[in-house]
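This report concerns only the one structure given below.
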Amino acid sequence: MFSELTQLQKRTLSDGLILGLLSVVLLFVPGFKTLDYYFSAAVSLPLAAAVGGSAIVTFFLPGDLRHNIYKGIIHDTILTLIPLVIVLFGSIFNGLCNPLYSLGFYLMAPVSSAIFAWGVGIGMAGIFRNKRAAFIGFYVLLIASFLENAAYFYFQPQVFFYNPFLGFFPGPIYETAIRIGGPYIAYRLVTTAFAALCATGGLWSTGRGVLRRASVAVIVALIVPLALLSGAYLGFRPRLQEVRQVLNHRIACENIVLRYSPKTSPAYARFVLKDAVARWHDLQRYFHVRDHRRITVYLYPDTETSRRLTGTASVDVAKVWLGQVHITPYQPGDIILEHELAHCFAARFSGTFLHIPIDGLVPRLDLTEGMAVAAAFDSTPLSPHEWSAAMLAGGHVTDPRDLAGFAGFATAAPTKAYIVAGSFMRFLHDHYGAKVVESVYRKGNYSAIPGGVDAAVKAWVRFLSTYKVPRQFADRAEQIATASGVLHARCLTGRSRLKQGLKAAFRHGRLKEALDLTRRLYELSPTPRLRAFEALLQVLAGDLQAGAMYLSGQYQPSADPDVISLAMSIAAPLIRTPADLMDLLPPRTVVGGVDWSDVALKQCMAAEAGPFYGNVMRSVYMPPVSTSGDFVFGPCTAYALARKMLDRGRFARGCALLPDPSLLPTHFQRFDAYISKAWCLFVNNEYRPDLLKAMHKEAIYEGERMAARKIETYSRPRP
């Protein structure tokens, strides 16, 4: 019976079985099992290859070409629908996230790729008039398209790319804010027009004469570079020149060059430059080597500009082989810049073309990120060692060897993967020496460890057992240890779009819309933080009772410091006397080692509560920040406003608003306040031994002690 089928039917049947089997397998793979970006991207390339091959076979069928083309289109449509039907059937069990937007991803990736492949297949068949040559030409073009993507990724600052056979590739796996925007639509219009040109040229070249076929080949060859050049104007192919046009301000010190936008304040730019230089010197001390290569730091004014020019909004990146770091504004004292600079510094230890560890053909992300975390180790309040020890105490420690390979690291929960990899690499550095770590990084595996990796892991576990981490961190450590990887999250891109919409609605004061989006997010990811934010929105909208319900325990107050901060802002309009605090606050709330007792909160909130306090808190949480009016800022409110301004890169104003940390109530974010103040003084070349001494007294945990020593080292005047 199979022998009686036509050549086209046989090919459709075999390709359909392959696509169907692939789609069924994807239904059981986390992150790919629902109709979303990831499923569409996974089936796009196989579908394009199948449709392109089918188009070539159709062209060479005996009989009327027009009739064969119509018949081939029907077969190709069936191939295109097979993955869609299977994933929609799977949605009965796996759920369906935002059906219309999910169908949009399928239209932009598999469907558009199939259309492009069909047009190219017909064009190749018409030009070469030989089936074998047409297949060779088709696959040469397919491979060339990815080689061009690789060259673009390697030589340009962008981490994303568009491919006609694949669609859109976002770059970092942690970048989940993937959307169908103007550049993606423009790109697909260009590829569809190119496919139409190829198909028209292929069919027109069926007439006699080599000249006609040659003219079609020349036209197609000219259109390709024109299509690539159009990307810079249509937004799907930005280049380094455009990045420099946007970040057209430049300052430099020693081997660090900082490029920033006119939207960024000069004071904040000077802070970032001085921070980068100090941390580069710190990395030289850590690795015991001198490195004078020039590093360019690109500071984007906001996440939207970063997304447009580099493709990433939520992930700072380093292109180490280009000597580039791309970041968005961050809090003074945050280690993200040193983390990215550590990537650039460690590049000197690897001889691969990307200057990262590669074991065989597999990138070792655990070594890459572990090295950076180990070098920028002063996270607060706990260091990676302390967090690893807390997970070990709860019976959840992860073997560093389980993170080996691309899949091992990429599929693990990000926070846990970074902490464990960083703790183990720091242990190797401190106990085996910097040269051993360099050898591990250079070889791309643990074979350089004296005595073997098994003995090193056992020694690391014994080392962690010596840490005595307070029990109040147990819950957070368990959350980190048991969290699922990025791809395990439900409706990954849908959640990211809801978060973007929520931020936009909140930024523009559309509280009703923001409240609706918060509740939809909570259905996908029920966390205490979202419950707290929901209560905050209700309070801002005038429903004070919602805040009282949250604080009284109906919403199960979390031990998350950010949630407590929100809870305090919710309480602000409700508190007029110390007795109000006693009625609203739980008897005792413990936050990551800091006792947020009712006494400490009462000292702060009751002292500053007044008729304008609710308006002050609105100015904190409802951008743009306003400090005008008859507000009298107490130290707590001033600190909250200062942190918000520092978050947004308003460095001079934020530093000016920072109160003396000693004025804050006991245990009220005292250490964070001292760190922020110390950084402000450091940038202004002020040395305050009394403040630094007080900061050391507030440092309780290893991460805080390391951060305090680091800023003191930076601040101390050089002889």
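Just so we're on the same page: first chain in the structure tokens is A, next is B, and so on; residues restart at 1 for each chain, and ligands are numbered from 1 in the order they show up.
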
Fill in: Residue list (helix (DSSP H, G or I), DSSP) for stretch 316-534 of chain A, as a PyMOL selection string
chain A and resi 320-322+336-349+365-375+384-393+400-403+405-410+414-432+434-443+446-448+453-464+471-482+486-488+492-507+511-524+528-534

Practice prompt. Compile the contact shell of A:Ala390 as a PyMOL selection string: residues with an atom at most 12 Å away, counting only C-alpha atoms, same-chain residues fewer than 2 positions apart removed.
Written response: chain A and resi 382-388+392-398+416+419-420+461+464-481+592

Item to complete: Give me the residues within 7 Å of stretch 313-321 of chain A as a list in words, counting only C-alpha atoms and dropping any in the same chain fewer than 3 places off.
Response: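 Contacts, in chain order: Glu175, Thr303, Glu304, Ser306, Arg307, Gln324, Val325, His326, Ile327, Glu340, His343, Cys344, Ala347, Leu354 and His355 of chain A.
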
Worksheet entry | Selection near A:Tyr162, 10 Å with only C-alpha atoms, sequence-local residues under 4 positions removed, as a VMD selection string | chain A and resid 145 to 146 149 166 to 170 183 to 184 187 to 188 231 236 to 237

Item to complete: Compare A:Ala535, A:Glu148, A:Gly20, A:Asp366 by their minimum atom-to-atom distance to A:Tyr446, counting only C-alpha atoms, and give me the closest one.
Response: A:Asp366

Can I get the residues of stretch 340-402 of chain A within 8 Å of stretch 406-415 of chain A, each with the closest pair of atoms and their distance in Å to one decimal, using only C-alpha atoms, sorted chain first then ascending number, as a tab-separated table?
residue	atom	partner	partner_atom	distance
A:Val362	CA	A:Phe406	CA	6.4
A:Pro363	CA	A:Phe406	CA	5.9
A:Arg364	CA	A:Phe406	CA	6.1
A:Leu365	CA	A:Phe406	CA	6.1
A:Asp366	CA	A:Phe409	CA	6.0
A:Asp402	CA	A:Gly408	CA	6.1

Worksheet item: Please, what distance in Å, to one decimal, runs between atom CA of A:Ala125 and atom CA of A:Tyr152?
Response: 29.0 Å

Item to complete: May I have the residues within 12 Å of A:Leu65 as a list in words, using only C-alpha atoms and disregarding those fewer than 4 positions away in the same chain?
Response: Ala55, Ile56, Val57, Thr58, Phe59, Phe60, Leu61, Ile69, Tyr70, Lys71, Gly72, Ile122, Gly126, Gly202, Leu203, Trp204 and Thr206 of chain A

Export of the given selection (all heavy atoms) as a short mmCIF file (atom, residue, chain, number, x, y, z; two decimals), in the first residue's frame:
data_model
loop_
_atom_site.label_atom_id
_atom_site.label_comp_id
_atom_site.auth_asym_id
_atom_site.auth_seq_id
_atom_site.Cartn_x
_atom_site.Cartn_y
_atom_site.Cartn_z
N ALA A 55 8.43 21.49 -1.12
CA ALA A 55 8.28 22.42 -2.25
C ALA A 55 9.18 22.02 -3.42
O ALA A 55 8.76 22.08 -4.59
CB ALA A 55 8.61 23.84 -1.79
N ILE A 56 10.40 21.58 -3.11
CA ILE A 56 11.31 21.15 -4.18
C ILE A 56 10.77 19.90 -4.87
O ILE A 56 10.79 19.79 -6.11
CB ILE A 56 12.72 20.91 -3.60
CG1 ILE A 56 13.31 22.23 -3.10
CG2 ILE A 56 13.64 20.29 -4.65
CD1 ILE A 56 14.62 22.09 -2.36
N VAL A 57 10.29 18.94 -4.08
CA VAL A 57 9.71 17.72 -4.66
C VAL A 57 8.52 18.06 -5.53
O VAL A 57 8.34 17.52 -6.64
CB VAL A 57 9.31 16.74 -3.53
CG1 VAL A 57 8.49 15.58 -4.10
CG2 VAL A 57 10.54 16.21 -2.82
N THR A 58 7.67 18.99 -5.06
CA THR A 58 6.49 19.39 -5.83
C THR A 58 6.88 19.97 -7.18
O THR A 58 6.23 19.70 -8.21
CB THR A 58 5.70 20.44 -5.02
OG1 THR A 58 5.28 19.87 -3.79
CG2 THR A 58 4.48 20.92 -5.80
N PHE A 59 7.92 20.77 -7.20
CA PHE A 59 8.33 21.43 -8.43
C PHE A 59 8.71 20.43 -9.52
O PHE A 59 8.47 20.67 -10.71
CB PHE A 59 9.52 22.36 -8.14
CG PHE A 59 9.88 23.27 -9.28
CD1 PHE A 59 9.33 24.53 -9.36
CD2 PHE A 59 10.78 22.87 -10.26
CE1 PHE A 59 9.66 25.37 -10.41
CE2 PHE A 59 11.12 23.71 -11.30
CZ PHE A 59 10.56 24.97 -11.38
N PHE A 60 9.27 19.29 -9.12
CA PHE A 60 9.76 18.33 -10.10
C PHE A 60 8.79 17.16 -10.34
O PHE A 60 9.17 16.18 -11.00
CB PHE A 60 11.12 17.79 -9.66
CG PHE A 60 12.22 18.82 -9.72
CD1 PHE A 60 12.66 19.46 -8.57
CD2 PHE A 60 12.78 19.18 -10.93
CE1 PHE A 60 13.66 20.40 -8.62
CE2 PHE A 60 13.79 20.13 -11.00
CZ PHE A 60 14.23 20.75 -9.83
N LEU A 61 7.57 17.25 -9.83
CA LEU A 61 6.58 16.21 -10.11
C LEU A 61 6.18 16.26 -11.58
O LEU A 61 6.10 17.35 -12.18
CB LEU A 61 5.34 16.39 -9.23
CG LEU A 61 5.48 16.05 -7.74
CD1 LEU A 61 4.18 16.39 -7.02
CD2 LEU A 61 5.83 14.57 -7.56
N ILE A 69 1.61 22.54 -7.80
CA ILE A 69 1.85 23.55 -6.76
C ILE A 69 0.67 23.60 -5.80
O ILE A 69 0.83 23.63 -4.57
CB ILE A 69 2.09 24.93 -7.39
CG1 ILE A 69 3.44 24.96 -8.12
CG2 ILE A 69 2.03 26.02 -6.33
CD1 ILE A 69 4.64 24.87 -7.22
N TYR A 70 -0.56 23.62 -6.34
CA TYR A 70 -1.75 23.63 -5.49
C TYR A 70 -1.78 22.40 -4.58
O TYR A 70 -2.08 22.48 -3.39
CB TYR A 70 -3.01 23.68 -6.35
CG TYR A 70 -3.24 24.99 -7.05
CD1 TYR A 70 -3.88 25.05 -8.29
CD2 TYR A 70 -2.82 26.19 -6.48
CE1 TYR A 70 -4.08 26.25 -8.95
CE2 TYR A 70 -3.01 27.40 -7.13
CZ TYR A 70 -3.64 27.42 -8.36
OH TYR A 70 -3.83 28.62 -9.00
N LYS A 71 -1.46 21.25 -5.17
CA LYS A 71 -1.47 20.02 -4.39
C LYS A 71 -0.39 20.07 -3.31
O LYS A 71 -0.61 19.63 -2.17
CB LYS A 71 -1.24 18.84 -5.34
CG LYS A 71 -1.41 17.48 -4.67
CD LYS A 71 -1.59 16.38 -5.71
CE LYS A 71 -0.47 16.35 -6.73
NZ LYS A 71 -0.57 15.19 -7.65
N GLY A 72 0.80 20.61 -3.64
CA GLY A 72 1.87 20.72 -2.66
C GLY A 72 1.51 21.65 -1.52
O GLY A 72 1.86 21.39 -0.35
N ILE A 122 10.90 26.65 -3.82
CA ILE A 122 10.46 26.84 -5.22
C ILE A 122 11.50 27.63 -6.00
O ILE A 122 11.81 27.32 -7.16
CB ILE A 122 9.10 27.57 -5.24
CG1 ILE A 122 8.00 26.69 -4.64
CG2 ILE A 122 8.74 27.98 -6.66
CD1 ILE A 122 7.69 25.44 -5.43
N GLY A 126 13.55 26.33 -9.30
CA GLY A 126 13.45 27.04 -10.57
C GLY A 126 14.79 27.49 -11.10
O GLY A 126 15.03 27.50 -12.32
N GLY A 202 11.33 31.70 -9.21
CA GLY A 202 11.46 30.29 -9.56
C GLY A 202 10.46 29.87 -10.61
O GLY A 202 10.80 29.12 -11.55
N LEU A 203 9.21 30.33 -10.45
CA LEU A 203 8.19 29.95 -11.44
C LEU A 203 8.43 30.66 -12.77
O LEU A 203 8.21 30.08 -13.85
CB LEU A 203 6.80 30.32 -10.89
CG LEU A 203 6.37 29.54 -9.63
CD1 LEU A 203 5.05 30.08 -9.11
CD2 LEU A 203 6.26 28.05 -9.93
N TRP A 204 8.89 31.91 -12.73
CA TRP A 204 9.15 32.66 -13.97
C TRP A 204 10.32 32.05 -14.74
O TRP A 204 10.35 32.07 -15.97
CB TRP A 204 9.45 34.11 -13.60
CG TRP A 204 9.74 34.98 -14.79
CD1 TRP A 204 8.87 35.41 -15.74
CD2 TRP A 204 11.01 35.54 -15.14
NE1 TRP A 204 9.50 36.20 -16.66
CE2 TRP A 204 10.83 36.31 -16.31
CE3 TRP A 204 12.29 35.49 -14.57
CZ2 TRP A 204 11.87 37.00 -16.93
CZ3 TRP A 204 13.32 36.18 -15.19
CH2 TRP A 204 13.10 36.91 -16.35
N THR A 206 10.98 29.06 -15.22
CA THR A 206 10.70 27.76 -15.85
C THR A 206 10.71 27.85 -17.37
O THR A 206 10.75 26.83 -18.05
CB THR A 206 9.35 27.22 -15.37
OG1 THR A 206 8.33 28.19 -15.65
CG2 THR A 206 9.39 26.92 -13.89
#

Worksheet item: Can you list, as a list in words, every protein, DNA or RNA residue that comes within 10 Å of A:Arg709 when you count only C-alpha atoms, leaving out same-chain residues fewer than 2 positions away?
Response: Asp378, Leu692, Met695, His696, Ala699, Glu704, Arg705, Met706, Ala707, Ile711, Glu712, Thr713, Tyr714 and Ser715 of chain A

Now that the selection is made, can you save its residues with N, CA, C and O atoms as an mmCIF file, in the first residue's frame?
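out_37.cif was written with the following content:
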data_model
loop_
_atom_site.group_PDB
_atom_site.id
_atom_site.type_symbol
_atom_site.label_atom_id
_atom_site.label_comp_id
_atom_site.auth_asym_id
_atom_site.auth_seq_id
_atom_site.Cartn_x
_atom_site.Cartn_y
_atom_site.Cartn_z
ATOM 1 N N ASP A 378 30.539 39.082 47.913
ATOM 2 C CA ASP A 378 30.014 39.809 49.075
ATOM 3 C C ASP A 378 28.529 40.135 48.922
ATOM 4 O O ASP A 378 28.110 41.281 48.971
ATOM 5 N N LEU A 692 32.336 54.133 59.047
ATOM 6 C CA LEU A 692 32.777 52.798 58.654
ATOM 7 C C LEU A 692 32.866 51.870 59.868
ATOM 8 O O LEU A 692 32.514 50.688 59.786
ATOM 9 N N MET A 695 29.427 50.866 60.711
ATOM 10 C CA MET A 695 28.948 49.908 59.709
ATOM 11 C C MET A 695 29.422 48.497 60.045
ATOM 12 O O MET A 695 28.662 47.528 59.944
ATOM 13 N N HIS A 696 30.664 48.358 60.449
ATOM 14 C CA HIS A 696 31.202 47.037 60.801
ATOM 15 C C HIS A 696 30.445 46.449 61.996
ATOM 16 O O HIS A 696 30.245 45.239 62.069
ATOM 17 N N ALA A 699 27.315 44.775 60.807
ATOM 18 C CA ALA A 699 27.483 43.598 59.944
ATOM 19 C C ALA A 699 27.466 42.334 60.804
ATOM 20 O O ALA A 699 28.357 42.118 61.624
ATOM 21 N N GLU A 704 27.589 40.310 54.793
ATOM 22 C CA GLU A 704 27.638 41.706 55.215
ATOM 23 C C GLU A 704 29.056 42.108 55.618
ATOM 24 O O GLU A 704 29.506 43.218 55.293
ATOM 25 N N ARG A 705 29.761 41.229 56.324
ATOM 26 C CA ARG A 705 31.128 41.564 56.745
ATOM 27 C C ARG A 705 32.044 41.756 55.532
ATOM 28 O O ARG A 705 32.896 42.652 55.506
ATOM 29 N N MET A 706 31.863 40.908 54.518
ATOM 30 C CA MET A 706 32.687 41.041 53.314
ATOM 31 C C MET A 706 32.369 42.334 52.580
ATOM 32 O O MET A 706 33.275 43.027 52.087
ATOM 33 N N ALA A 707 31.085 42.680 52.494
ATOM 34 C CA ALA A 707 30.687 43.927 51.832
ATOM 35 C C ALA A 707 31.239 45.130 52.585
ATOM 36 O O ALA A 707 31.684 46.116 51.977
ATOM 37 N N ILE A 711 33.955 47.969 50.936
ATOM 38 C CA ILE A 711 33.746 49.408 50.771
ATOM 39 C C ILE A 711 34.735 50.200 51.625
ATOM 40 O O ILE A 711 35.167 51.292 51.247
ATOM 41 N N GLU A 712 35.179 49.623 52.764
ATOM 42 C CA GLU A 712 36.197 50.306 53.560
ATOM 43 C C GLU A 712 37.524 50.329 52.803
ATOM 44 O O GLU A 712 38.245 51.341 52.812
ATOM 45 N N THR A 713 37.848 49.231 52.136
ATOM 46 C CA THR A 713 39.075 49.192 51.324
ATOM 47 C C THR A 713 39.024 50.229 50.215
ATOM 48 O O THR A 713 40.008 50.930 49.950
ATOM 49 N N TYR A 714 37.872 50.344 49.574
ATOM 50 C CA TYR A 714 37.731 51.330 48.498
ATOM 51 C C TYR A 714 37.856 52.759 49.044
ATOM 52 O O TYR A 714 38.412 53.644 48.387
ATOM 53 N N SER A 715 37.279 52.982 50.236
ATOM 54 C CA SER A 715 37.167 54.344 50.765
ATOM 55 C C SER A 715 38.467 54.855 51.373
ATOM 56 O O SER A 715 38.699 56.067 51.412
#

Worksheet item: atom CA of A:Thr264 and atom CA of A:Lys710 are how many Å apart?
Response: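 Computed distance, atom CA of A:Thr264 to atom CA of A:Lys710, equals 26.1 Å.
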
Item to complete: Name all residues at most 12 Å from A:Ala342 (count only C-alpha atoms; drop same-chain ones fewer than 3 positions away) and give them as a PyMOL selection string.
Response: chain A and resi 276+279-287+291+295+317-320+323-325+335-339+345-349+356+368-377

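Across A:Ala652, A:Ala434, A:Ala389, A:Lys499, the tightest approach to A:Trp460 is made by A:Ala389 when counting only C-alpha atoms.
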
Discussion item. Please determine, counting only C-alpha atoms, which residue among A:Gly485, A:Gly31, A:Pro332, A:Pro46 has the shortest atom-to-atom distance to A:Cys97.
Written reply: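 Smallest separation from A:Cys97 among the options: A:Gly31.
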
Practice prompt. Could you please determine the separation between atom CA of A:Arg519 and atom CA of A:Arg531 in Å, to one decimal place?
Written response: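 Separation of atom CA of A:Arg519 and atom CA of A:Arg531: 8.3 Å.
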